[in-house]
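Asks: Pasting a structure below so you can have a look.
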Amino acid sequence: MKVTITDQEEITVVEVSGDIDSKTAPEFERNAKLAMDKSKHIVIDLTDVGFMSSAGLRVLLMVYRNIRSQEGKVVLVGVSEEIQDVMSTTGFINFFTIVEKPEDGVAFLKQD
Amino acid sequence: MESKSFPGTVDSLDALREYIGELSQQAGLAKKPTYSLKLAVDEIATNIILYGYQEPGIEADFQVLSEIKDDKLVVILEDIAAPFDPLAKELPNAQDLTLSLEERGIGGLGIFLTINGVDEFSYEYADGKNRNKFVMKIAAT
């Protein structure tokens, strides 16, 4: 798994590629925290993530709570059908905005 | 039964999922059930590695036994850690899963996804080993 962080004005984009499991989730978490220190508007791009276990859901939960407490916003991008299924079974899906492309995520965060 | 050994560390998870992918392909499982099985096996293996082996400081392998029989793919994870029945843990219920993400606990999600994703899941402790068994039905084509 690889994570890259880029800033686009007020928005920080976290791009993950590879699998998120209990080996790689700590690295994902570290980068997500780094991004939230920079900005309260976060895009998490999961286009190149083929697999995510509950270890990844835990990181998303942490992100959600952190962003809520800062009154920020988070958008997920390019979530695969299988990962959306998992988010749906666990009820996570209702709490996240999911879009297809990074630019849609940025546009959503710029709305207000 | 076919058998393959993996070292009990999180570094094995990648190779384990790949192996489950190969078994699923041999069995002719479709894409979604393949993903569900990979997820289920990954979740249980993670518990074995982190809590069965690493926490008490045990260095050991775990085994994946498998068999394609009739219209089923059977996968069994076997480990020598202390007895641990994943089914004995309280799982999130329907109401927990509708709670907002601020209110809910995160425990048991992995096991919930395991049970939810496979056609049958069972556990037994026999001959000093934990045996977690996953069964996927193979759809007739």
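Labels for the structure tokens follow display order: chains A, B, ..., residues from 1 in each chain, ligands from 1.
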Please return, as a PyMOL selection string, all residues of chain B lying within 12 Å of chain A when only C-alpha atoms are considered.
Replies: chain B and resi 9-18+31-50+91-117
Asks: Output the selection as a PDB file, in the first residue's frame - C-alpha atoms for each residue.
Replies:
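So the final result, stored in result34.pdb, reads:
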```pdb
ATOM      1  CA  THR B   9       2.635 -12.296  11.168  1.00  0.00           C
ATOM      2  CA  VAL B  10       0.646  -9.566   9.410  1.00  0.00           C
ATOM      3  CA  ASP B  11       3.176  -9.760   6.559  1.00  0.00           C
ATOM      4  CA  SER B  12       1.425 -13.010   5.566  1.00  0.00           C
ATOM      5  CA  LEU B  13      -1.970 -11.403   4.925  1.00  0.00           C
ATOM      6  CA  ASP B  14      -1.202 -10.356   1.344  1.00  0.00           C
ATOM      7  CA  ALA B  15      -0.056 -13.841   0.341  1.00  0.00           C
ATOM      8  CA  LEU B  16      -2.953 -15.402   2.250  1.00  0.00           C
ATOM      9  CA  ARG B  17      -5.542 -13.359   0.309  1.00  0.00           C
ATOM     10  CA  GLU B  18      -3.794 -14.202  -2.935  1.00  0.00           C
ATOM     11  CA  LYS B  31     -16.102 -12.135  -8.070  1.00  0.00           C
ATOM     12  CA  LYS B  32     -18.272 -11.024  -5.146  1.00  0.00           C
ATOM     13  CA  PRO B  33     -18.236 -14.283  -3.148  1.00  0.00           C
ATOM     14  CA  THR B  34     -14.470 -14.440  -3.761  1.00  0.00           C
ATOM     15  CA  TYR B  35     -14.082 -11.009  -2.182  1.00  0.00           C
ATOM     16  CA  SER B  36     -16.322 -11.978   0.749  1.00  0.00           C
ATOM     17  CA  LEU B  37     -14.271 -15.110   1.414  1.00  0.00           C
ATOM     18  CA  LYS B  38     -10.986 -13.199   1.195  1.00  0.00           C
ATOM     19  CA  LEU B  39     -12.360 -10.671   3.666  1.00  0.00           C
ATOM     20  CA  ALA B  40     -13.651 -13.355   6.058  1.00  0.00           C
ATOM     21  CA  VAL B  41     -10.363 -15.279   6.053  1.00  0.00           C
ATOM     22  CA  ASP B  42      -8.345 -12.058   6.403  1.00  0.00           C
ATOM     23  CA  GLU B  43     -10.398 -10.969   9.428  1.00  0.00           C
ATOM     24  CA  ILE B  44     -10.060 -14.293  11.267  1.00  0.00           C
ATOM     25  CA  ALA B  45      -6.361 -14.635  10.362  1.00  0.00           C
ATOM     26  CA  THR B  46      -5.798 -11.097  11.686  1.00  0.00           C
ATOM     27  CA  ASN B  47      -7.320 -12.103  15.037  1.00  0.00           C
ATOM     28  CA  ILE B  48      -5.154 -15.236  15.170  1.00  0.00           C
ATOM     29  CA  ILE B  49      -2.001 -13.275  14.344  1.00  0.00           C
ATOM     30  CA  LEU B  50      -2.553 -10.241  16.592  1.00  0.00           C
ATOM     31  CA  LEU B  91     -21.705  -9.261  17.701  1.00  0.00           C
ATOM     32  CA  PRO B  92     -23.115  -5.910  16.697  1.00  0.00           C
ATOM     33  CA  ASN B  93     -26.885  -6.288  16.193  1.00  0.00           C
ATOM     34  CA  ALA B  94     -29.124  -4.596  13.643  1.00  0.00           C
ATOM     35  CA  GLN B  95     -29.618  -1.637  15.941  1.00  0.00           C
ATOM     36  CA  ASP B  96     -25.899  -1.129  16.577  1.00  0.00           C
ATOM     37  CA  LEU B  97     -25.324  -0.971  12.839  1.00  0.00           C
ATOM     38  CA  THR B  98     -27.703   1.953  12.442  1.00  0.00           C
ATOM     39  CA  LEU B  99     -26.073   3.984  15.221  1.00  0.00           C
ATOM     40  CA  SER B 100     -24.240   7.077  14.126  1.00  0.00           C
ATOM     41  CA  LEU B 101     -20.510   6.638  13.797  1.00  0.00           C
ATOM     42  CA  GLU B 102     -20.020   8.906  16.776  1.00  0.00           C
ATOM     43  CA  GLU B 103     -21.957   6.641  19.115  1.00  0.00           C
ATOM     44  CA  ARG B 104     -20.987   3.187  18.082  1.00  0.00           C
ATOM     45  CA  GLY B 105     -18.298   0.864  19.310  1.00  0.00           C
ATOM     46  CA  ILE B 106     -16.077  -0.716  16.723  1.00  0.00           C
ATOM     47  CA  GLY B 107     -15.601  -4.130  18.333  1.00  0.00           C
ATOM     48  CA  GLY B 108     -16.778  -7.245  16.573  1.00  0.00           C
ATOM     49  CA  LEU B 109     -17.025  -5.702  13.102  1.00  0.00           C
ATOM     50  CA  GLY B 110     -14.471  -8.111  11.652  1.00  0.00           C
ATOM     51  CA  ILE B 111     -16.307 -11.158  12.931  1.00  0.00           C
ATOM     52  CA  PHE B 112     -19.618  -9.686  11.836  1.00  0.00           C
ATOM     53  CA  LEU B 113     -18.234  -9.299   8.291  1.00  0.00           C
ATOM     54  CA  THR B 114     -16.901 -12.858   8.411  1.00  0.00           C
ATOM     55  CA  ILE B 115     -20.203 -14.449   9.362  1.00  0.00           C
ATOM     56  CA  ASN B 116     -22.120 -12.193   7.050  1.00  0.00           C
ATOM     57  CA  GLY B 117     -19.880 -12.888   4.050  1.00  0.00           C
TER      58      GLY B 117
END
```
Asks: Determine, counting only C-alpha atoms, which protein, DNA and RNA residues have an atom within 9 Å of an atom of region 1-16 of chain A; residues of the same chain fewer than 6 positions away are not included. Present the result as an NGL selection string.
Replies: :A and (24 or 27-28 or 31-32 or 34-36 or 38-49 or 102 or 106 or 109-110)
Asks: Can you work out the spacing between CA of Gln70 (chain A) and CA of Lys33 (chain A) in Å, to one decimal?
Replies: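 Distance between the two atoms: 12.8 Å.
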Asks: What's the 12 Å shell around Gly52 (chain B), counting only C-alpha atoms, without same-chain residues fewer than 3 positions away, as a ChimeraX atom specification?
Replies: /B:8-9,44-49,55-62,78-86,129-130
Asks: Write the residues of the preceding selection, restricted to C-alpha atoms, as a PDB file, in the first residue's frame.
Replies:
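See again_7.pdb below for the written result:
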```
ATOM      1  CA  GLY B   8       1.890 -15.931  11.992  1.00  0.00           C
ATOM      2  CA  THR B   9       2.635 -12.296  11.168  1.00  0.00           C
ATOM      3  CA  ILE B  44     -10.060 -14.293  11.267  1.00  0.00           C
ATOM      4  CA  ALA B  45      -6.361 -14.635  10.362  1.00  0.00           C
ATOM      5  CA  THR B  46      -5.798 -11.097  11.686  1.00  0.00           C
ATOM      6  CA  ASN B  47      -7.320 -12.103  15.037  1.00  0.00           C
ATOM      7  CA  ILE B  48      -5.154 -15.236  15.170  1.00  0.00           C
ATOM      8  CA  ILE B  49      -2.001 -13.275  14.344  1.00  0.00           C
ATOM      9  CA  GLU B  55       0.027 -10.586  22.122  1.00  0.00           C
ATOM     10  CA  PRO B  56       1.220 -13.595  24.143  1.00  0.00           C
ATOM     11  CA  GLY B  57       4.506 -13.627  22.174  1.00  0.00           C
ATOM     12  CA  ILE B  58       4.063 -16.905  20.308  1.00  0.00           C
ATOM     13  CA  GLU B  59       6.011 -17.388  17.098  1.00  0.00           C
ATOM     14  CA  ALA B  60       4.202 -19.969  15.039  1.00  0.00           C
ATOM     15  CA  ASP B  61       2.630 -20.683  11.685  1.00  0.00           C
ATOM     16  CA  PHE B  62      -1.015 -21.100  10.893  1.00  0.00           C
ATOM     17  CA  GLU B  78      -5.853 -23.925  11.931  1.00  0.00           C
ATOM     18  CA  ASP B  79      -3.696 -22.374  14.651  1.00  0.00           C
ATOM     19  CA  ILE B  80      -2.057 -23.454  17.894  1.00  0.00           C
ATOM     20  CA  ALA B  81      -2.882 -20.343  19.918  1.00  0.00           C
ATOM     21  CA  ALA B  82      -4.973 -20.493  23.105  1.00  0.00           C
ATOM     22  CA  PRO B  83      -8.589 -21.562  22.480  1.00  0.00           C
ATOM     23  CA  PHE B  84     -10.563 -18.648  21.072  1.00  0.00           C
ATOM     24  CA  ASP B  85     -14.100 -18.953  19.805  1.00  0.00           C
ATOM     25  CA  PRO B  86     -14.928 -15.958  17.596  1.00  0.00           C
ATOM     26  CA  LYS B 129      -5.850 -26.457  17.702  1.00  0.00           C
ATOM     27  CA  ASN B 130      -8.358 -23.750  16.890  1.00  0.00           C
TER      28      ASN B 130
END
```
Asks: At a cut-off of 10 Å, using only C-alpha atoms, what residues contact Leu23 (chain B)? Leave out same-chain residues fewer than 2 positions from it and give the result as a ChimeraX atom specification.
Replies: /B:17-21,25-29,34,66-68,73-75
Asks: Rounded to one decimal place, report the CA of Leu77 (chain B)-CA of Ser17 (chain A) distance in Å.
Replies: 28.1 Å
Asks: Do you have the CA of Val74 (chain A)-CA of Glu103 (chain A) distance handy?
Replies: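 CA of Val74 (chain A) sits 13.6 Å away from CA of Glu103 (chain A).
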Asks: Near Leu65 (chain B), within 6 Å and counting only C-alpha atoms, which residues show up once chain neighbours fewer than 3 positions away are dropped, as JSON, numbers by chain?
Replies: {"B": [2, 3, 75, 76]}
Asks: Restricting it to C-alpha atoms, dump the selection as a PDB file, in the first residue's frame.
Replies:
```
ATOM      1  CA  GLU B   2      -4.859 -29.393   0.464  1.00  0.00           C
ATOM      2  CA  SER B   3      -2.721 -27.631   3.066  1.00  0.00           C
ATOM      3  CA  VAL B  75     -11.458 -23.477   3.843  1.00  0.00           C
ATOM      4  CA  ILE B  76     -10.189 -24.147   7.366  1.00  0.00           C
TER       5      ILE B  76
END
```
Asks: Which residues in region 2-56 of chain B does DSSP call alpha helix (DSSP H)? List them as a PyMOL selection string.
Replies: chain B and resi 13-27+31-47
Asks: Once DSSP has gone over the backbone, tell me which residues of chain A are in strand (DSSP E or B), as JSON, numbers by chain.
Replies: {"A": [2, 3, 4, 5, 6, 7, 8, 11, 12, 13, 14, 15, 16, 17, 20, 41, 42, 43, 44, 45, 46, 47, 48, 52, 73, 74, 75, 76, 77, 97, 98, 99]}
Asks: Report as a VMD selection string all protein, DNA and RNA residues lying within 9 Å of Lys72 (chain B), evaluated on only C-alpha atoms, omitting residues in the same chain fewer than 6 positions from it.
Replies: chain B and resid 27 135 to 139
